[in-house]
$ cat target-v5.cif   # mmCIF, C-alpha atoms
data_start
#
loop_
_atom_site.label_atom_id
_atom_site.label_comp_id
_atom_site.auth_asym_id
_atom_site.auth_seq_id
_atom_site.Cartn_x
_atom_site.Cartn_y
_atom_site.Cartn_z
CA MET A 968 202.21 264.79 88.99
CA ARG A 969 202.50 261.88 86.56
CA LEU A 970 205.83 260.10 86.66
CA THR A 971 207.19 259.13 83.27
CA PRO A 972 209.35 256.00 82.81
CA ARG A 973 212.33 258.36 82.65
CA CYS A 974 211.38 259.92 86.00
CA LYS A 975 211.07 256.49 87.60
CA GLU A 976 214.48 255.46 86.25
CA LEU A 977 215.98 258.66 87.65
CA LEU A 978 214.54 257.93 91.09
CA ARG A 979 215.95 254.41 91.03
CA LEU A 980 219.34 255.71 89.99
CA LEU A 981 219.35 258.24 92.81
CA ALA A 982 218.61 255.48 95.32
CA SER A 983 222.04 254.07 94.41
CA ALA A 984 223.96 257.19 93.38
CA ARG A 985 222.71 259.30 96.33
CA TRP A 986 223.46 262.66 94.67
CA LEU A 987 223.50 263.68 91.01
CA THR A 988 224.33 267.01 89.45
CA THR A 989 222.17 268.71 86.83
CA SER A 990 224.72 267.92 84.12
CA GLN A 991 224.81 264.25 85.12
CA VAL A 992 221.02 264.01 84.89
CA HIS A 993 221.14 265.76 81.52
CA ARG A 994 223.86 263.44 80.22
CA ARG A 995 222.08 260.30 81.40
CA PHE A 996 218.43 261.07 80.68
CA PHE A 997 218.19 264.13 78.42
CA ALA A 998 220.97 263.59 75.89
CA ARG A 999 218.72 264.65 73.02
CA ALA A 1000 217.25 267.64 74.85
CA THR A 1001 218.66 270.87 76.19
CA VAL A 1002 220.03 271.43 79.67
CA ASN A 1003 217.07 273.77 80.27
CA ALA A 1004 214.68 270.90 79.56
CA ALA A 1005 216.46 268.82 82.19
CA ARG A 1006 216.33 271.72 84.66
CA ARG A 1007 212.59 272.17 84.14
CA ARG A 1008 211.87 268.52 84.82
CA LEU A 1009 214.12 268.48 87.86
CA ARG A 1010 212.38 271.58 89.19
CA SER A 1011 208.97 269.95 88.75
CA LEU A 1012 210.09 266.79 90.55
CA ALA A 1013 211.58 268.84 93.38
CA ASN A 1014 208.44 270.96 93.74
CA ALA A 1015 206.37 267.77 93.99
CA GLY A 1016 208.65 266.35 96.69
CA TYR A 1017 210.17 263.56 94.63
CA LEU A 1018 213.59 265.20 94.75
CA GLU A 1019 215.50 267.51 97.06
CA LYS A 1020 217.75 270.17 95.59
CA ARG A 1021 220.89 271.61 97.16
CA GLN A 1022 223.00 274.40 95.73
CA GLU A 1023 225.80 275.92 97.76
CA ASP A 1024 225.78 279.14 95.76
CA ARG A 1025 224.85 280.40 92.32
CA MET A 1026 228.34 279.77 91.02
CA ARG A 1027 228.10 276.04 91.77
CA GLU A 1028 226.02 273.42 90.02
CA ALA A 1029 222.92 272.17 91.81
CA VAL A 1030 222.82 268.61 93.11
CA PHE A 1031 219.74 266.45 93.65
CA THR A 1032 218.86 263.57 95.93
CA LEU A 1033 215.67 261.64 96.69
CA GLY A 1034 212.87 263.49 98.43
CA PRO A 1035 210.06 262.06 100.62
CA GLU A 1036 207.77 261.34 97.68
CA GLY A 1037 210.59 259.65 95.77
CA LYS A 1038 211.33 257.49 98.79
CA ARG A 1039 207.64 256.60 99.14
CA PHE A 1040 207.32 255.71 95.47
CA LEU A 1041 210.32 253.38 95.49
CA GLU A 1042 209.38 251.67 98.75
CA GLN A 1043 205.82 251.11 97.56
CA GLY A 1044 207.32 249.44 94.49
CA GLY A 1045 209.04 246.86 96.64
CA ASP A 1046 212.40 248.47 97.26
CA LYS A 1047 213.97 248.06 100.68
CA GLU A 1048 213.78 250.93 103.12
CA ILE A 1049 215.62 253.97 101.80
CA VAL A 1050 217.48 256.49 103.94
CA LEU A 1051 217.03 260.06 102.78
CA ARG A 1052 220.14 262.23 102.48
CA ARG A 1053 219.79 265.64 104.09
CA GLN A 1054 223.06 267.23 103.05
CA PRO A 1055 225.68 266.37 100.41
CA PRO A 1056 228.81 264.67 101.76
CA LYS A 1057 231.97 266.64 102.42
CA GLN A 1058 233.71 264.73 99.64
CA LEU A 1059 231.03 265.61 97.10
CA GLU A 1060 233.52 265.98 94.23
CA HIS A 1061 234.73 262.42 94.79
CA LEU A 1062 231.19 261.05 94.90
CA THR A 1063 230.35 263.02 91.76
CA GLY A 1064 233.34 261.53 89.93
CA ILE A 1065 232.34 257.99 90.89
CA ASN A 1066 228.84 258.67 89.61
CA ASP A 1067 230.32 260.01 86.36
CA ILE A 1068 231.94 256.59 85.95
CA ARG A 1069 228.60 254.93 86.83
CA ILE A 1070 226.72 256.92 84.20
CA ALA A 1071 229.36 256.18 81.56
CA ALA A 1072 229.14 252.47 82.38
CA GLU A 1073 225.35 252.52 82.13
CA MET A 1074 225.47 254.26 78.77
CA ALA A 1075 228.13 251.92 77.40
CA GLY A 1076 225.64 249.07 77.02
CA GLY A 1077 225.97 245.56 78.37
CA LEU A 1078 226.23 246.67 82.00
CA ALA A 1079 225.72 243.66 84.26
CA PHE A 1080 226.18 245.48 87.58
CA PHE A 1081 227.69 248.58 89.15
CA PHE A 1082 228.44 249.05 92.83
CA ALA A 1083 230.05 252.18 94.21
CA ALA A 1084 232.22 252.03 97.32
CA TRP A 1085 229.29 252.93 99.57
CA GLU A 1086 227.18 250.09 98.11
CA LEU A 1087 229.75 247.30 98.43
CA PRO A 1088 229.27 246.50 102.14
CA ALA A 1089 225.59 245.73 101.52
CA VAL A 1090 226.44 243.17 98.84
CA GLY A 1091 228.93 241.29 101.01
CA TRP A 1092 232.27 242.84 100.03
CA LYS A 1093 234.81 240.98 102.18
CA TYR A 1094 238.17 242.29 101.05
CA LEU A 1095 240.50 244.57 102.99
CA MET A 1096 240.52 247.36 100.43
CA VAL A 1097 237.38 248.91 98.99
CA PRO A 1098 237.56 250.10 95.35
CA ASP A 1099 235.79 253.29 94.40
CA ALA A 1100 233.60 251.09 92.21
CA VAL A 1101 233.33 247.63 90.71
CA PHE A 1102 231.25 246.93 87.63
CA GLY A 1103 230.65 244.33 84.97
CA LEU A 1104 230.45 244.91 81.24
CA GLY A 1105 229.29 241.75 79.57
CA ASP A 1106 231.23 238.92 81.20
CA ARG A 1107 234.18 241.13 82.22
CA THR A 1108 234.57 242.65 85.67
CA PHE A 1109 236.41 245.91 86.30
CA ALA A 1110 237.42 247.92 89.33
CA ALA A 1111 237.64 251.70 89.16
CA GLU A 1112 239.70 254.14 91.19
CA TYR A 1113 239.01 257.86 90.96
CA ASP A 1114 242.16 259.74 91.98
CA ARG A 1115 241.93 263.47 92.70
CA GLY A 1116 245.52 263.82 93.80
CA LEU A 1117 244.62 263.98 97.48
CA GLU A 1118 246.45 260.77 98.36
CA GLY A 1119 250.22 260.61 98.29
CA LEU A 1120 251.65 258.83 95.28
CA ARG A 1121 253.56 256.40 97.50
CA TYR A 1122 250.39 255.36 99.33
CA PHE A 1123 248.34 254.98 96.17
CA VAL A 1124 250.90 252.82 94.40
CA GLY A 1125 252.28 251.01 97.45
CA SER A 1126 248.94 250.16 99.01
CA LYS A 1127 246.08 250.22 96.51
CA ILE A 1128 247.94 249.23 93.36
CA ALA A 1129 249.97 246.59 95.21
CA TRP A 1130 246.71 245.14 96.52
CA TYR A 1131 245.29 244.88 93.01
CA ARG A 1132 248.49 243.26 91.77
CA ASP A 1133 248.21 240.56 94.43
CA GLY A 1134 244.79 239.71 93.03
CA LEU A 1135 241.43 239.23 94.71
CA SER A 1136 240.85 235.59 95.55
CA GLY A 1137 237.55 234.49 94.08
CA PHE A 1138 236.98 237.82 92.35
CA PRO A 1139 238.93 237.95 89.08
CA LEU A 1140 239.28 241.37 87.49
CA GLU A 1141 239.69 242.04 83.81
CA ALA A 1142 241.38 245.38 84.54
CA VAL A 1143 241.55 248.33 86.91
CA LEU A 1144 240.47 251.70 85.52
CA VAL A 1145 242.47 254.50 87.09
CA VAL A 1146 240.61 257.76 86.53
CA ALA A 1147 242.61 260.89 87.35
CA ASP A 1148 241.31 264.39 87.87
CA ARG A 1149 243.67 265.87 85.27
CA ASP A 1150 246.02 264.82 82.51
CA ALA A 1151 249.26 265.55 84.41
CA ARG A 1152 248.17 263.40 87.34
CA MET A 1153 247.17 260.57 85.00
CA ARG A 1154 250.62 260.56 83.43
CA THR A 1155 252.33 260.63 86.81
CA LEU A 1156 250.28 257.66 88.02
CA ALA A 1157 250.88 255.68 84.83
CA ARG A 1158 254.62 256.21 85.08
CA ALA A 1159 254.70 255.26 88.77
CA ILE A 1160 252.61 252.11 88.29
CA ALA A 1161 254.74 251.06 85.29
CA ASP A 1162 252.32 248.28 84.36
CA GLU A 1163 253.64 245.73 81.86
CA THR A 1164 250.58 243.51 81.89
CA GLY A 1165 247.99 245.93 80.57
CA ARG A 1166 245.79 245.28 83.61
CA PHE A 1167 245.78 248.98 84.55
CA LEU A 1168 244.05 251.43 82.21
CA PHE A 1169 244.25 255.19 82.58
CA THR A 1170 242.00 258.09 81.70
CA THR A 1171 240.79 261.40 83.09
CA ILE A 1172 237.42 262.31 84.53
CA ASP A 1173 236.93 264.83 81.72
CA ALA A 1174 237.35 262.05 79.15
CA ILE A 1175 234.81 259.91 81.02
CA ARG A 1176 232.31 262.78 81.00
CA ARG A 1177 232.97 263.69 77.41
CA GLU A 1178 233.44 260.30 75.75
CA GLY A 1179 232.06 257.75 78.20
CA ILE A 1180 233.46 254.24 78.37
CA PRO A 1181 234.44 253.25 74.84
CA GLU A 1182 234.42 249.92 73.06
CA SER A 1183 238.15 249.58 73.65
CA VAL A 1184 237.56 248.95 77.36
CA ARG A 1185 235.16 246.11 76.66
CA GLY A 1186 237.46 244.78 73.98
CA ARG A 1187 240.57 245.43 76.10
CA ASN A 1188 242.39 247.18 73.25
CA ALA A 1189 244.42 249.95 74.84
CA CYS A 1190 244.92 253.15 72.87
CA SER A 1191 247.61 255.76 72.55
CA LEU A 1192 247.44 258.63 74.98
CA GLU A 1193 249.15 261.14 72.74
CA PRO A 1194 246.75 264.12 72.73
CA SER A 1195 246.42 264.09 68.92
CA ARG A 1196 245.51 260.41 68.88
CA ARG A 1197 243.60 259.92 72.13
CA GLU A 1198 240.29 258.96 70.56
CA ASP A 1199 238.65 257.23 73.48
CA GLY A 1200 240.64 258.39 76.49
CA PHE A 1201 241.99 255.04 77.66
CA GLY A 1202 245.38 253.39 77.52
CA SER A 1203 247.76 251.16 79.44
CA ALA A 1204 250.88 252.29 81.20
CA ARG A 1205 253.21 250.72 78.66
CA HIS A 1206 252.17 253.42 76.17
CA PHE A 1207 253.88 256.02 78.35
CA GLU A 1208 257.33 254.47 78.22
CA SER A 1209 258.38 256.25 75.05
CA MET A 1210 257.03 259.62 76.10
CA ASP A 1211 258.97 262.52 77.55
CA TYR A 1212 257.68 262.64 81.13
CA GLU A 1213 257.76 265.65 83.32
CA LYS A 1214 259.72 264.84 86.43
CA GLN A 1215 257.11 265.57 88.99
CA GLU A 1216 255.32 263.81 91.78
CA ILE A 1217 252.00 265.11 92.96
CA ALA A 1218 251.68 264.72 96.71
CA SER A 1219 248.50 264.84 98.69
#
$ encode --input "target-v5.cif" --output "structure tokens"
Amino acid sequence: MRLTPRCKELLRLLASARWLTTSQVHRRFFARATVNAARRRLRSLANAGYLEKRQEDRMREAVFTLGPEGKRFLEQGGDKEIVLRRQPPKQLEHLTGINDIRIAAEMAGGLAFFFAAWELPAVGWKYLMVPDAVFGLGDRTFAAEYDRGLEGLRYFVGSKIAWYRDGLSGFPLEAVLVVADRDARMRTLARAIADETGRFLFTTIDAIRREGIPESVRGRNACSLEPSRREDGFGSARHFESMDYEKQEIAS
């Protein structure tokens, strides 16, 4: 089959992202077409061996990774040797969330680089902690943490957040994006972190999928997180101080 420029870009993205869902492919490459159009193209690529499809059951969304022909195409184009993925990882939801952030960053414009946690060792990451992702928009560098509520609040704040507060020698960060799996968790994290500097920004994975990474992140203008005014899904912890918090702590 003839590979279009869009197909080639999808293969290159999968070499980094490892697994993408149908909706992620649709959002990234078929925004002006229907989901069915994305499914048809994915089916054609899978039938030709460029992709491999996995679907646990009919109630779950299908996920795609590189197939033998996709590997061959990329390696013939000068890419380094690629390892094919046979089965999705056990923490597929976490990987999917990180790739949601990746896709939003790509679509934001001005993306200089994006490395997920599994890519960082290959680019010489030397620090003790490994962020879920680091990426550059323009001349600003961000770290991202996708929190699904599986880690205890004390560990997340006492270890990860404390590490970010100490700073990364030789690797200055504009801000840390804390992406929670739901609104209640986001509010709990923001209250616990109690950031006065504006270096920690908070959103939910649904907002990332729905709205992407807005101009306010690149411009570093935090927004209100009141539901009626949350236009772009991001804000700093200081915006939570005047809100009536629910007294809850979500443990792992």
$ residues_around --input "target-v5.cif" --residues "Tyr1122 in chain A" --least-positions-apart "3" --cutoff "12 Å" --atoms "only C-alpha atoms" --output "VMD selection string"
chain A and resid 1114 1116 to 1119 1125 to 1130 1156 1159 to 1160 1217 to 1219
$ atom_distance --input "target-v5.cif" --atom1 "CA of His993 in chain A" --atom2 "CA of Val1143 in chain A"
27.4 Å
$ resolve_selection --input "target-v5.cif" --expression "the PyMOL selection byres ((chain A and resi 1096) around 12)" --output "ChimeraX atom specification"
/A:1084,1087-1088,1092-1095,1097-1100,1110,1112,1123,1126-1131,1133-1135
$ atom_distance --input "target-v5.cif" --atom1 "CA of Glu1019 in chain A" --atom2 "CA of Gly1034 in chain A"
5.0 Å
$ closest_residue --input "target-v5.cif" --among "A:Val1101, A:Ile1068, A:Leu1009, A:Ala1151" --to "Phe1031 in chain A" --atoms "all atoms listed in the file"
A:Leu1009
$ closest_residue --input "target-v5.cif" --among "A:Leu987, A:Ala1142, A:Val1124, A:Leu1041" --to "Ala1157 in chain A" --atoms "only C-alpha atoms"
A:Val1124
$ atom_distance --input "target-v5.cif" --atom1 "CA of Gly1044 in chain A" --atom2 "CA of Glu1086 in chain A"
20.2 Å
$ resolve_selection --input "target-v5.cif" --expression "the PyMOL selection byres ((chain A and resi 979) around 10)" --output "list in words"
Arg973, Cys974, Lys975, Glu976, Leu977, Leu978, Leu980, Leu981, Ala982, Ser983, Ala984, Arg985, Leu1033, Gly1037, Lys1038, Phe1040, Leu1041 and Asp1046 of chain A
$ resolve_selection --input "target-v5.cif" --expression "the PyMOL selection byres ((chain A and resi 1021) around 9)" --output "compact mmCIF listing (two decimals) with C-alpha atoms, keeping the file's coordinate frame"
# COMPACT_ATOMS: atom_id res chain seq x y z
CA GLU A 1019 215.50 267.51 97.06
CA LYS A 1020 217.75 270.17 95.59
CA GLN A 1022 223.00 274.40 95.73
CA GLU A 1023 225.80 275.92 97.76
CA GLU A 1028 226.02 273.42 90.02
CA ALA A 1029 222.92 272.17 91.81
CA VAL A 1030 222.82 268.61 93.11
CA PHE A 1031 219.74 266.45 93.65
CA THR A 1032 218.86 263.57 95.93
CA GLN A 1054 223.06 267.23 103.05
CA PRO A 1055 225.68 266.37 100.41
$ closest_residue --input "target-v5.cif" --among "A:Leu1168, A:Gly1103, A:Ala1083, A:Trp986" --to "Leu1051 in chain A" --atoms "all atoms listed in the file"
A:Trp986
$ closest_residue --input "target-v5.cif" --among "A:Arg1132, A:Ala1147, A:Phe996, A:Arg1008" --to "Thr1164 in chain A" --atoms "only C-alpha atoms"
A:Arg1132
$ build_atoms --input "target-v5.cif" --residues "range 983-998 of chain A" --atoms "N, CA and C atoms" --output "short mmCIF file (atom, residue, chain, number, x, y, z; two decimals), keeping the file's coordinate frame"
data_model
loop_
_atom_site.label_atom_id
_atom_site.label_comp_id
_atom_site.auth_asym_id
_atom_site.auth_seq_id
_atom_site.Cartn_x
_atom_site.Cartn_y
_atom_site.Cartn_z
N SER A 983 220.69 254.64 94.37
CA SER A 983 222.04 254.07 94.41
C SER A 983 223.11 255.15 94.41
N ALA A 984 222.93 256.15 93.56
CA ALA A 984 223.96 257.19 93.38
C ALA A 984 223.97 258.22 94.50
N ARG A 985 222.87 258.37 95.21
CA ARG A 985 222.71 259.30 96.33
C ARG A 985 222.56 260.75 95.88
N TRP A 986 223.52 261.27 95.14
CA TRP A 986 223.46 262.66 94.67
C TRP A 986 223.89 262.71 93.21
N LEU A 987 223.14 263.47 92.41
CA LEU A 987 223.50 263.68 91.01
C LEU A 987 223.44 265.17 90.71
N THR A 988 224.35 265.62 89.88
CA THR A 988 224.33 267.01 89.45
C THR A 988 223.36 267.18 88.27
N THR A 989 223.03 268.42 87.98
CA THR A 989 222.17 268.71 86.83
C THR A 989 222.78 268.16 85.55
N SER A 990 224.08 268.37 85.36
CA SER A 990 224.72 267.92 84.12
C SER A 990 224.73 266.40 84.03
N GLN A 991 224.86 265.71 85.15
CA GLN A 991 224.81 264.25 85.12
C GLN A 991 223.42 263.76 84.72
N VAL A 992 222.38 264.38 85.26
CA VAL A 992 221.02 264.01 84.89
C VAL A 992 220.79 264.29 83.41
N HIS A 993 221.28 265.43 82.94
CA HIS A 993 221.14 265.76 81.52
C HIS A 993 221.85 264.74 80.65
N ARG A 994 223.07 264.38 81.02
CA ARG A 994 223.86 263.44 80.22
C ARG A 994 223.19 262.06 80.18
N ARG A 995 222.63 261.65 81.30
CA ARG A 995 222.08 260.30 81.40
C ARG A 995 220.67 260.19 80.82
N PHE A 996 219.85 261.21 81.03
CA PHE A 996 218.43 261.07 80.68
C PHE A 996 217.93 262.05 79.63
N PHE A 997 218.68 263.10 79.34
CA PHE A 997 218.19 264.13 78.42
C PHE A 997 219.22 264.42 77.33
N ALA A 998 219.88 263.38 76.86
CA ALA A 998 220.97 263.59 75.89
C ALA A 998 220.49 264.27 74.61
#
